[in-house]
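Raw contents of target19.cif, mmCIF, C-alpha atoms:
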```
data_run
#
loop_
_atom_site.label_atom_id
_atom_site.label_comp_id
_atom_site.auth_asym_id
_atom_site.auth_seq_id
_atom_site.Cartn_x
_atom_site.Cartn_y
_atom_site.Cartn_z
CA MET A 1 0.00 0.00 0.00
CA ALA A 2 3.01 2.25 0.44
CA GLU A 3 3.75 2.23 -3.30
CA ALA A 4 4.00 5.87 -4.24
CA HIS A 5 3.94 5.38 -7.98
CA SER A 6 0.33 4.27 -8.49
CA PRO A 7 -2.65 3.83 -6.16
CA LEU A 8 -3.60 0.79 -8.24
CA ALA A 9 -0.29 -0.99 -7.70
CA GLN A 10 -1.60 -2.36 -4.38
CA PHE A 11 -3.97 -4.64 -6.27
CA GLU A 12 -1.22 -6.33 -8.28
CA ILE A 13 -0.85 -10.08 -7.92
CA SER A 14 2.72 -11.32 -7.60
CA THR A 15 3.54 -14.99 -7.89
CA ILE A 16 5.46 -16.51 -5.00
CA GLN A 17 5.65 -20.10 -6.26
CA PRO A 18 4.60 -21.02 -9.82
CA PHE A 19 2.44 -24.15 -9.96
CA HIS A 20 0.74 -25.55 -13.07
CA PRO A 21 -0.95 -28.92 -12.44
CA PHE A 22 -2.86 -30.33 -15.50
CA GLY A 23 -2.15 -27.15 -17.40
CA ILE A 24 -4.10 -25.03 -14.91
CA ASP A 25 -2.36 -22.00 -13.46
CA ALA A 26 -2.59 -22.63 -9.68
CA SER A 27 0.46 -20.59 -8.74
CA PHE A 28 0.82 -19.66 -5.10
CA THR A 29 0.58 -15.86 -5.08
CA ASN A 30 0.54 -13.10 -2.49
CA ALA A 31 -3.28 -13.33 -2.60
CA SER A 32 -3.13 -17.09 -1.96
CA LEU A 33 -0.87 -16.43 1.02
CA ILE A 34 -3.32 -13.89 2.46
CA MET A 35 -6.29 -16.23 1.98
CA VAL A 36 -4.42 -19.00 3.77
CA VAL A 37 -3.49 -16.57 6.56
CA VAL A 38 -7.10 -15.38 6.88
CA VAL A 39 -8.40 -18.96 7.15
CA GLY A 40 -5.69 -19.70 9.72
CA LEU A 41 -6.49 -16.59 11.76
CA ILE A 42 -10.24 -17.29 11.79
CA THR A 43 -9.65 -20.87 12.92
CA LEU A 44 -7.10 -19.76 15.51
CA PHE A 45 -9.50 -17.07 16.76
CA ILE A 46 -12.31 -19.55 17.38
CA VAL A 47 -10.24 -22.49 18.61
CA SER A 48 -8.15 -20.46 21.06
CA GLY A 49 -11.24 -18.52 22.15
CA MET A 50 -13.07 -21.76 22.93
CA ARG A 51 -10.12 -23.40 24.67
CA ASN A 52 -11.11 -23.90 28.32
CA ALA A 53 -14.60 -22.75 27.39
CA THR A 54 -16.78 -22.13 30.42
CA ILE A 55 -20.51 -21.73 30.99
CA VAL A 56 -19.88 -18.13 32.03
CA PRO A 57 -17.67 -16.86 29.19
CA GLY A 58 -14.54 -14.77 29.59
CA ARG A 59 -13.74 -11.83 27.31
CA PHE A 60 -12.11 -13.81 24.52
CA GLN A 61 -14.74 -16.55 24.57
CA GLY A 62 -17.42 -13.86 24.72
CA MET A 63 -16.01 -12.29 21.56
CA VAL A 64 -16.07 -15.62 19.69
CA GLU A 65 -19.62 -16.25 20.90
CA PHE A 66 -20.60 -12.74 19.84
CA PHE A 67 -19.70 -13.54 16.21
CA TYR A 68 -21.42 -16.91 16.47
CA GLU A 69 -24.64 -15.47 17.88
CA PHE A 70 -24.51 -12.52 15.50
CA ILE A 71 -24.54 -14.76 12.42
CA ALA A 72 -26.93 -17.26 14.03
CA ASN A 73 -29.43 -14.48 14.74
CA LEU A 74 -28.97 -12.99 11.28
CA LEU A 75 -29.77 -16.35 9.73
CA LYS A 76 -32.69 -17.02 12.07
CA GLU A 77 -34.30 -13.61 11.55
CA ASN A 78 -34.12 -13.93 7.77
CA THR A 79 -34.81 -17.60 7.09
CA GLY A 80 -36.39 -18.93 10.29
CA SER A 81 -35.42 -22.40 11.48
CA ALA A 82 -35.37 -23.81 7.92
CA GLY A 83 -32.05 -22.12 7.16
CA LYS A 84 -30.24 -23.67 10.09
CA GLN A 85 -28.25 -26.11 7.93
CA PHE A 86 -26.65 -23.17 6.10
CA PHE A 87 -25.18 -21.70 9.27
CA PRO A 88 -21.60 -22.97 8.68
CA LEU A 89 -21.73 -21.59 5.14
CA ILE A 90 -22.95 -18.12 6.14
CA PHE A 91 -20.53 -18.04 9.07
CA SER A 92 -17.56 -19.03 6.87
CA LEU A 93 -18.62 -16.53 4.22
CA PHE A 94 -18.97 -13.65 6.68
CA MET A 95 -15.73 -14.40 8.52
CA PHE A 96 -13.80 -14.91 5.27
CA ILE A 97 -14.96 -11.64 3.71
CA LEU A 98 -14.51 -9.75 6.99
CA GLY A 99 -11.02 -11.21 7.46
CA CYS A 100 -9.97 -10.39 3.90
CA ASN A 101 -11.42 -6.85 4.15
CA LEU A 102 -9.70 -6.13 7.46
CA ILE A 103 -6.31 -7.67 6.69
CA GLY A 104 -6.24 -5.58 3.50
CA LEU A 105 -6.39 -2.42 5.60
CA PHE A 106 -3.19 -3.41 7.39
CA GLY A 107 -0.83 -3.61 4.45
CA ALA A 108 -1.72 -6.99 2.94
CA ILE A 109 -3.32 -7.33 -0.48
CA THR A 110 -7.10 -7.09 -0.31
CA VAL A 111 -8.39 -10.29 -1.84
CA THR A 112 -11.97 -8.98 -1.81
CA SER A 113 -10.93 -6.06 -4.06
CA HIS A 114 -10.57 -8.58 -6.88
CA ILE A 115 -13.74 -8.85 -8.94
CA ILE A 116 -13.05 -12.47 -9.84
CA VAL A 117 -12.97 -13.42 -6.12
CA THR A 118 -16.15 -11.55 -5.18
CA PHE A 119 -17.88 -12.82 -8.32
CA ALA A 120 -16.88 -16.40 -7.56
CA LEU A 121 -18.31 -16.07 -4.03
CA ALA A 122 -21.53 -14.48 -5.34
CA PHE A 123 -21.83 -17.09 -8.08
CA MET A 124 -21.42 -19.86 -5.50
CA ILE A 125 -24.18 -18.30 -3.39
CA ILE A 126 -26.61 -17.96 -6.29
CA THR A 127 -25.87 -21.52 -7.42
CA ILE A 128 -26.55 -22.85 -3.91
CA VAL A 129 -29.72 -20.75 -3.64
CA THR A 130 -30.99 -22.04 -6.99
CA ILE A 131 -30.22 -25.66 -6.09
CA VAL A 132 -31.98 -25.22 -2.73
CA GLY A 133 -35.00 -23.74 -4.52
CA PHE A 134 -35.29 -26.66 -6.94
CA VAL A 135 -34.65 -29.30 -4.25
CA LYS A 136 -37.33 -27.78 -2.00
CA HIS A 137 -39.97 -27.00 -4.62
CA GLY A 138 -39.09 -28.89 -7.82
CA THR A 139 -40.32 -27.23 -11.00
CA HIS A 140 -42.72 -25.22 -8.86
CA TYR A 141 -39.70 -23.02 -8.14
CA PHE A 142 -40.29 -21.40 -11.57
CA SER A 143 -43.40 -19.80 -10.10
CA TYR A 144 -40.94 -17.56 -8.28
CA PHE A 145 -40.68 -15.58 -11.53
CA ALA A 146 -44.44 -15.00 -11.66
CA PRO A 147 -45.28 -13.10 -8.46
CA ALA A 148 -48.58 -14.14 -6.94
CA GLY A 149 -51.27 -11.45 -6.95
CA ALA A 150 -49.94 -9.63 -10.01
CA PRO A 151 -52.61 -9.18 -12.73
CA MET A 152 -52.41 -11.55 -15.69
CA TRP A 153 -51.86 -8.86 -18.33
CA LEU A 154 -48.74 -7.71 -16.46
CA MET A 155 -47.11 -11.14 -16.69
CA PRO A 156 -45.35 -10.60 -20.04
CA LEU A 157 -43.61 -7.68 -18.33
CA MET A 158 -43.18 -9.16 -14.87
CA ILE A 159 -41.66 -12.50 -15.81
CA PRO A 160 -38.72 -11.13 -17.87
CA LEU A 161 -38.12 -8.51 -15.18
CA GLU A 162 -38.05 -11.13 -12.45
CA ILE A 163 -35.69 -13.34 -14.46
CA ILE A 164 -33.34 -10.43 -15.12
CA SER A 165 -33.36 -9.38 -11.47
CA TYR A 166 -32.63 -12.98 -10.47
CA LEU A 167 -29.73 -13.26 -12.92
CA ILE A 168 -28.34 -9.88 -11.95
CA ARG A 169 -28.02 -10.87 -8.30
CA PRO A 170 -24.52 -12.39 -8.54
CA ILE A 171 -23.35 -9.29 -10.40
CA SER A 172 -24.79 -6.78 -7.93
CA LEU A 173 -23.60 -8.88 -4.99
CA SER A 174 -20.03 -9.14 -6.29
CA VAL A 175 -19.69 -5.62 -7.71
CA ARG A 176 -20.94 -4.07 -4.45
CA LEU A 177 -18.18 -5.68 -2.39
CA PHE A 178 -15.51 -5.25 -5.07
CA ALA A 179 -16.30 -1.56 -5.69
CA ASN A 180 -16.42 -0.68 -1.99
CA MET A 181 -13.07 -2.31 -1.32
CA VAL A 182 -11.38 -0.82 -4.38
CA ALA A 183 -12.74 2.69 -3.73
CA GLY A 184 -11.55 2.74 -0.14
CA HIS A 185 -8.12 1.42 -0.92
CA VAL A 186 -7.64 3.70 -3.90
CA MET A 187 -8.67 6.67 -1.76
CA LEU A 188 -6.18 5.71 0.95
CA GLY A 189 -3.49 5.17 -1.71
CA VAL A 190 -4.21 8.52 -3.37
CA LEU A 191 -4.17 10.31 -0.02
CA GLY A 192 -0.85 8.62 0.75
CA THR A 193 0.70 9.88 -2.47
CA PHE A 194 -0.74 13.34 -1.75
CA VAL A 195 1.11 13.44 1.57
CA VAL A 196 4.39 12.97 -0.25
CA GLY A 197 3.46 15.06 -3.30
CA LEU A 198 2.02 18.08 -1.47
CA GLY A 199 4.60 17.82 1.32
CA GLY A 200 7.34 17.97 -1.29
CA LEU A 201 5.73 21.04 -2.81
CA PHE A 202 5.25 22.86 0.46
CA PHE A 203 5.83 21.09 3.75
CA ALA A 204 2.68 22.16 5.66
CA LEU A 205 0.41 21.24 2.73
CA GLY A 206 1.25 17.59 3.26
CA ALA A 207 -0.46 17.74 6.68
CA ILE A 208 -3.94 18.04 5.14
CA PRO A 209 -4.06 14.54 3.54
CA LEU A 210 -2.07 13.21 6.49
CA VAL A 211 -4.87 14.23 8.88
CA ALA A 212 -7.50 12.87 6.49
CA ILE A 213 -5.90 9.41 6.31
CA PRO A 214 -6.82 8.23 9.86
CA MET A 215 -10.39 9.43 9.37
CA ILE A 216 -10.72 7.64 6.03
CA PHE A 217 -9.06 4.62 7.64
CA ALA A 218 -11.68 4.58 10.41
CA LEU A 219 -14.40 4.87 7.77
CA GLU A 220 -12.81 1.99 5.84
CA LEU A 221 -12.86 -0.20 8.98
CA LEU A 222 -16.59 0.44 9.17
CA VAL A 223 -17.02 -0.28 5.44
CA ALA A 224 -15.05 -3.54 5.79
CA LEU A 225 -17.43 -4.71 8.53
CA LEU A 226 -20.53 -3.37 6.80
CA GLN A 227 -19.77 -5.00 3.44
CA ALA A 228 -19.16 -8.40 5.04
CA TYR A 229 -22.49 -7.94 6.87
CA VAL A 230 -24.29 -6.86 3.69
CA PHE A 231 -22.94 -9.88 1.79
CA ALA A 232 -24.06 -12.21 4.57
CA ILE A 233 -27.52 -10.68 5.01
CA LEU A 234 -28.22 -10.67 1.26
CA THR A 235 -27.20 -14.32 1.12
CA CYS A 236 -29.68 -15.02 3.94
CA ILE A 237 -32.43 -13.09 2.14
CA TYR A 238 -31.82 -14.98 -1.14
CA LEU A 239 -31.83 -18.26 0.80
CA ASN A 240 -35.13 -17.32 2.40
CA ASP A 241 -36.60 -16.56 -1.03
CA ALA A 242 -35.57 -20.01 -2.22
CA ILE A 243 -36.74 -21.83 0.92
CA HIS A 244 -40.08 -20.09 1.32
CA LEU A 245 -40.71 -18.98 -2.30
CA ALA A 246 -41.43 -15.49 -1.00
CA HIS A 247 -40.42 -12.09 -2.23
CA MET B 1 -6.68 -1.99 -13.20
CA PRO B 2 -4.77 -5.17 -12.41
CA GLN B 3 -8.03 -6.82 -11.34
CA PHE B 4 -9.20 -7.19 -14.93
CA ASP B 5 -6.14 -9.09 -16.16
CA PRO B 6 -7.50 -12.56 -17.06
CA ALA B 7 -4.11 -14.13 -16.36
CA ILE B 8 -4.62 -13.79 -12.58
CA PHE B 9 -8.13 -15.27 -12.59
CA SER B 10 -7.05 -18.89 -12.58
CA PRO B 11 -4.63 -18.82 -9.59
CA LEU B 12 -7.05 -16.63 -7.60
CA LEU B 13 -9.98 -18.96 -8.27
CA VAL B 14 -8.01 -22.10 -7.46
CA TRP B 15 -6.77 -20.74 -4.16
CA LEU B 16 -10.13 -19.19 -3.29
CA VAL B 17 -11.75 -22.62 -3.72
CA VAL B 18 -8.99 -24.34 -1.73
CA THR B 19 -9.01 -21.88 1.17
CA PHE B 20 -12.77 -21.40 1.31
CA VAL B 21 -13.47 -25.13 1.27
CA ALA B 22 -10.81 -25.58 3.96
CA LEU B 23 -12.44 -22.82 6.03
CA TYR B 24 -15.89 -24.36 5.55
CA VAL B 25 -14.68 -27.79 6.66
CA LEU B 26 -12.72 -26.37 9.62
CA MET B 27 -15.76 -24.33 10.73
CA SER B 28 -18.49 -26.93 10.22
CA LYS B 29 -16.60 -29.99 11.52
CA PHE B 30 -14.36 -28.49 14.13
CA ALA B 31 -14.74 -24.89 15.30
CA LEU B 32 -18.49 -24.22 15.28
CA PRO B 33 -19.54 -27.45 17.07
CA LYS B 34 -17.31 -26.35 19.96
CA VAL B 35 -19.16 -23.05 20.24
CA ALA B 36 -22.52 -24.76 19.78
CA THR B 37 -21.74 -27.24 22.57
CA ILE B 38 -20.99 -24.57 25.12
CA ILE B 39 -23.98 -22.43 24.10
CA ASP B 40 -26.27 -25.47 24.31
CA GLN B 41 -24.82 -26.35 27.70
CA ARG B 42 -25.50 -22.83 28.90
CA ALA B 43 -29.06 -22.90 27.61
CA GLU B 44 -29.56 -26.30 29.25
CA ARG B 45 -28.15 -25.05 32.54
CA ILE B 46 -30.40 -21.99 32.53
CA GLU B 47 -33.42 -24.09 31.61
CA GLY B 48 -32.57 -26.62 34.30
CA ASN B 49 -32.20 -23.93 36.91
CA LEU B 50 -35.47 -22.36 35.87
CA ALA B 51 -37.22 -25.73 36.07
CA LYS B 52 -35.69 -26.34 39.49
CA ALA B 53 -36.82 -22.93 40.69
CA GLU B 54 -40.31 -23.66 39.37
CA GLN B 55 -40.29 -27.01 41.18
CA LEU B 56 -39.13 -25.41 44.43
CA LYS B 57 -41.79 -22.77 44.09
CA SER B 58 -44.57 -25.33 43.66
CA ASP B 59 -43.10 -27.35 46.55
CA ALA B 60 -43.20 -24.27 48.75
CA ALA B 61 -46.78 -23.61 47.68
CA ALA B 62 -47.71 -27.21 48.57
CA VAL B 63 -46.05 -26.89 51.97
CA LEU B 64 -47.87 -23.62 52.58
CA ALA B 65 -51.19 -25.19 51.59
CA ALA B 66 -50.53 -28.17 53.92
CA TYR B 67 -49.62 -25.79 56.72
CA GLU B 68 -52.76 -23.75 56.23
CA LYS B 69 -54.87 -26.89 56.11
CA ALA B 70 -53.27 -28.15 59.35
CA ILE B 71 -54.02 -24.81 61.03
CA ALA B 72 -57.60 -24.86 59.82
CA ASP B 73 -58.02 -28.50 60.96
CA ALA B 74 -56.58 -27.71 64.37
CA LYS B 75 -58.87 -24.72 64.70
CA ALA B 76 -61.93 -26.76 63.73
CA GLN B 77 -60.94 -29.54 66.13
CA ALA B 78 -60.36 -27.08 68.95
CA GLN B 79 -63.76 -25.53 68.30
CA ALA B 80 -65.40 -28.95 68.31
CA GLU B 81 -63.70 -29.89 71.60
CA LEU B 82 -64.69 -26.58 73.07
CA ALA B 83 -68.30 -27.07 72.06
CA LYS B 84 -68.26 -30.63 73.43
CA ALA B 85 -66.79 -29.47 76.74
CA ALA B 86 -69.37 -26.69 76.98
CA ALA B 87 -72.16 -29.18 76.33
CA GLU B 88 -70.75 -31.54 78.96
CA ILE B 89 -70.50 -28.75 81.49
CA ALA B 90 -74.03 -27.64 80.74
CA ALA B 91 -75.32 -31.22 81.11
CA GLU B 92 -73.42 -31.71 84.39
CA THR B 93 -74.73 -28.43 85.73
CA ALA B 94 -78.30 -29.34 84.84
CA ARG B 95 -77.89 -32.78 86.43
CA ARG B 96 -76.47 -31.31 89.62
CA GLU B 97 -79.18 -28.69 89.76
CA ALA B 98 -81.82 -31.37 89.38
CA ASP B 99 -80.12 -33.46 92.10
CA PHE B 100 -79.85 -30.55 94.40
CA GLY B 101 -83.51 -29.62 93.83
CA LYS B 102 -84.58 -33.17 94.62
CA ARG B 103 -82.45 -33.35 97.75
CA LEU B 104 -83.67 -29.97 98.82
CA ALA B 105 -87.28 -31.03 98.38
CA GLU B 106 -86.63 -34.23 100.38
CA GLN B 107 -84.90 -32.38 103.16
CA THR B 108 -87.67 -29.77 103.21
CA LYS B 109 -90.23 -32.57 103.51
CA THR B 110 -88.43 -34.34 106.39
CA ALA B 111 -87.83 -31.02 108.11
CA GLU B 112 -91.52 -30.18 107.77
CA GLY B 113 -92.39 -33.64 109.16
CA ARG B 114 -90.03 -33.11 112.10
CA ILE B 115 -91.51 -29.66 112.73
CA LYS B 116 -95.03 -31.10 112.66
CA SER B 117 -94.19 -33.91 115.11
CA ALA B 118 -92.32 -31.43 117.35
CA GLN B 119 -95.40 -29.22 117.26
CA ALA B 120 -97.63 -32.17 118.19
CA ASP B 121 -95.22 -33.15 121.00
CA ALA B 122 -95.15 -29.60 122.20
CA MET B 123 -98.98 -29.50 122.21
CA VAL B 124 -99.11 -32.69 124.30
CA GLN B 125 -96.55 -31.38 126.75
CA VAL B 126 -98.22 -27.95 126.94
CA ARG B 127 -101.53 -29.67 127.74
CA ALA B 128 -99.92 -31.83 130.43
CA ILE B 129 -98.17 -28.81 131.94
CA ALA B 130 -101.39 -26.77 131.72
CA SER B 131 -103.48 -29.47 133.36
CA ASP B 132 -100.81 -29.93 136.09
CA LEU B 133 -100.73 -26.20 136.54
CA ALA B 134 -104.52 -25.96 136.60
CA ALA B 135 -104.78 -28.79 139.15
CA GLY B 136 -102.06 -27.19 141.29
CA ILE B 137 -103.63 -23.75 141.15
CA ALA B 138 -107.07 -25.16 141.93
CA ALA B 139 -105.67 -27.15 144.88
CA LYS B 140 -103.84 -24.13 146.22
CA LEU B 141 -106.91 -21.89 145.88
CA THR B 142 -109.55 -24.29 147.05
CA GLY B 143 -107.54 -26.69 149.06
CA ALA B 144 -109.38 -29.51 147.41
CA SER B 145 -107.50 -32.04 145.49
CA VAL B 146 -108.44 -32.05 141.87
CA ASP B 147 -108.64 -35.13 139.91
CA GLN B 148 -105.96 -35.27 137.24
CA ALA B 149 -108.39 -36.42 134.60
CA ALA B 150 -110.92 -33.68 135.41
CA ALA B 151 -108.17 -31.06 135.14
CA GLY B 152 -107.19 -32.46 131.76
CA ALA B 153 -110.77 -32.31 130.53
CA ALA B 154 -111.05 -28.71 131.74
CA VAL B 155 -107.84 -27.74 129.92
CA ASP B 156 -109.09 -29.43 126.75
CA ALA B 157 -112.31 -27.52 127.02
CA ALA B 158 -110.41 -24.26 127.53
CA ILE B 159 -108.18 -24.94 124.49
CA LYS B 160 -111.30 -25.68 122.49
CA GLU B 161 -112.87 -22.47 123.62
CA ARG B 162 -110.00 -20.42 122.35
#
```
Could you quickly redo this structure as structure tokens?
Amino acid sequence: MAEAHSPLAQFEISTIQPFHPFGIDASFTNASLIMVVVVGLITLFIVSGMRNATIVPGRFQGMVEFFYEFIANLLKENTGSAGKQFFPLIFSLFMFILGCNLIGLFGAITVTSHIIVTFALAFMIITIVTIVGFVKHGTHYFSYFAPAGAPMWLMPLMIPLEIISYLIRPISLSVRLFANMVAGHVMLGVLGTFVVGLGGLFFALGAIPLVAIPMIFALELLVALLQAYVFAILTCIYLNDAIHLAH
Amino acid sequence: MPQFDPAIFSPLLVWLVVTFVALYVLMSKFALPKVATIIDQRAERIEGNLAKAEQLKSDAAAVLAAYEKAIADAKAQAQAELAKAAAEIAAETARREADFGKRLAEQTKTAEGRIKSAQADAMVQVRAIASDLAAGIAAKLTGASVDQAAAGAAVDAAIKER
């Protein structure tokens, strides 16, 4: 993130260990390293928090339980008890996105600022939601595209609209996270170059972006949390649609 | 933007799948059950304690009800005993009164009989004394000896005259 030459340089992928099994490029990159670290940190956080777990939790255990209950309540409020089996998925998703968002603010590459990563996650969610819908309701799941109560003459308009809005979900879900992460990091990068640029021009001028950086950083912490939450809650809402066939 | 370079897509996707699947497995098989266990235990403990408290409360209510019933029973029994004792006392009093009345009547009757016989005795003695006196007085006045029988007849006549 300290690269002064371009605010976009922070998103560059650099290969650590080239690896091409079956002709597929599976090289271990800086992004791979961060993803492995994030998974390790999440696991370490929960396992060490629940070591010597007691009925009356301590601070660390309480923190772990806070995340657990937070996601459990989110899932319960949006899907009822039917969505219980998806709890590990939503929890993993939320913690993974949150971990990637946060670690990116502390110098590491932000994996979630890569559209292919956010799109893959969104595509996985929509695929799971669609499978759940067909498993629960069979071909009746198609009725999801014809909202009940809408007048018959509106159907030629409603059905294409519903199909488009369904297909656009993975795009909106992935672009939202991607754009938020990129914007924040670019802004921090630009402000960082301004400190050097303006400070070189006239020393006191460099103080203005320097003061702005902590404020933007605090805002970015909030955005990192909020975007992980938004991704998780939208996943729950889509799951609820598929489980209960409701809009 | 480096994000749109298709060359990086493949390694990113491969490692995303690897790490996310690893995270999912670690969470679902290992980490989350630990949290779930302790949360379930807590819920169980709280529920158990609540049930116990409920049980104790109903026990206390039962004890209180038994206590109140015992008090009420004792009160009723005491009242019954009291009433019985009062009835016994009343019966005893009535019996004694009746006894006393009977004895009093008997004693009054014997006393009256004794008085009557004493009166009759007194009358006989008074007559004897009066006839003796009359014979003595007549002898002293007249000097003649008066027949005892005649004096008695005279006294009788005098008593009759009165």
Original post:
Which residues fall under the PyMOL selection byres ((chain B) within 12 of (chain A)) in this file, as a VMD selection string?
Top reply: chain B and resid 1 to 46
Original post:
What separation in Å, quoted to one decimal, exists between atom CA of A:Ala218 and atom CA of A:Phe70?
Top reply: 22.0 Å
Subject >> Residues matched by the PyMOL selection byres ((chain A and resi 128-142) around 12), written as an MDAnalysis selection string >> reply: chainID A and resid 82:83 85:86 89:90 121:127 143:148 159 162:163 166:167 169:170 234:246
Original post:
Which residues come within 10 Å of A:Gly206, counting only C-alpha atoms, excluding same-chain residues fewer than 5 positions away, as a ChimeraX atom specification?
Top reply: /A:191-201,211
Subject >> Among the residues A:Phe106, A:Phe94, A:Phe22, A:Phe66, the one that comes closest to A:Leu225 [using all atoms listed in the file] >> reply: A:Phe94
Close residues, B:Ala130 itself excluded, 10 Å, all atoms listed in the file, min 6 positions apart in chain, as a compact mmCIF listing (two decimals) with C-alpha atoms, in the coordinates of the input:
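The resulting selection_34.txt:
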```
# COMPACT_ATOMS: atom_id res chain seq x y z
CA VAL B 124 -99.11 -32.69 124.30
CA GLY B 136 -102.06 -27.19 141.29
CA ALA B 151 -108.17 -31.06 135.14
CA GLY B 152 -107.19 -32.46 131.76
CA ALA B 154 -111.05 -28.71 131.74
CA VAL B 155 -107.84 -27.74 129.92
CA ASP B 156 -109.09 -29.43 126.75
```
Original post:
Between atom CA of B:Ser131 and atom CA of B:Arg162, what is the distance, to one decimal in Å?
Top reply: 15.7 Å
Original post:
When you draw a straight line from atom CA of A:Leu98 to atom CA of A:Gly184, how long is it in Å?
Top reply: 14.7 Å
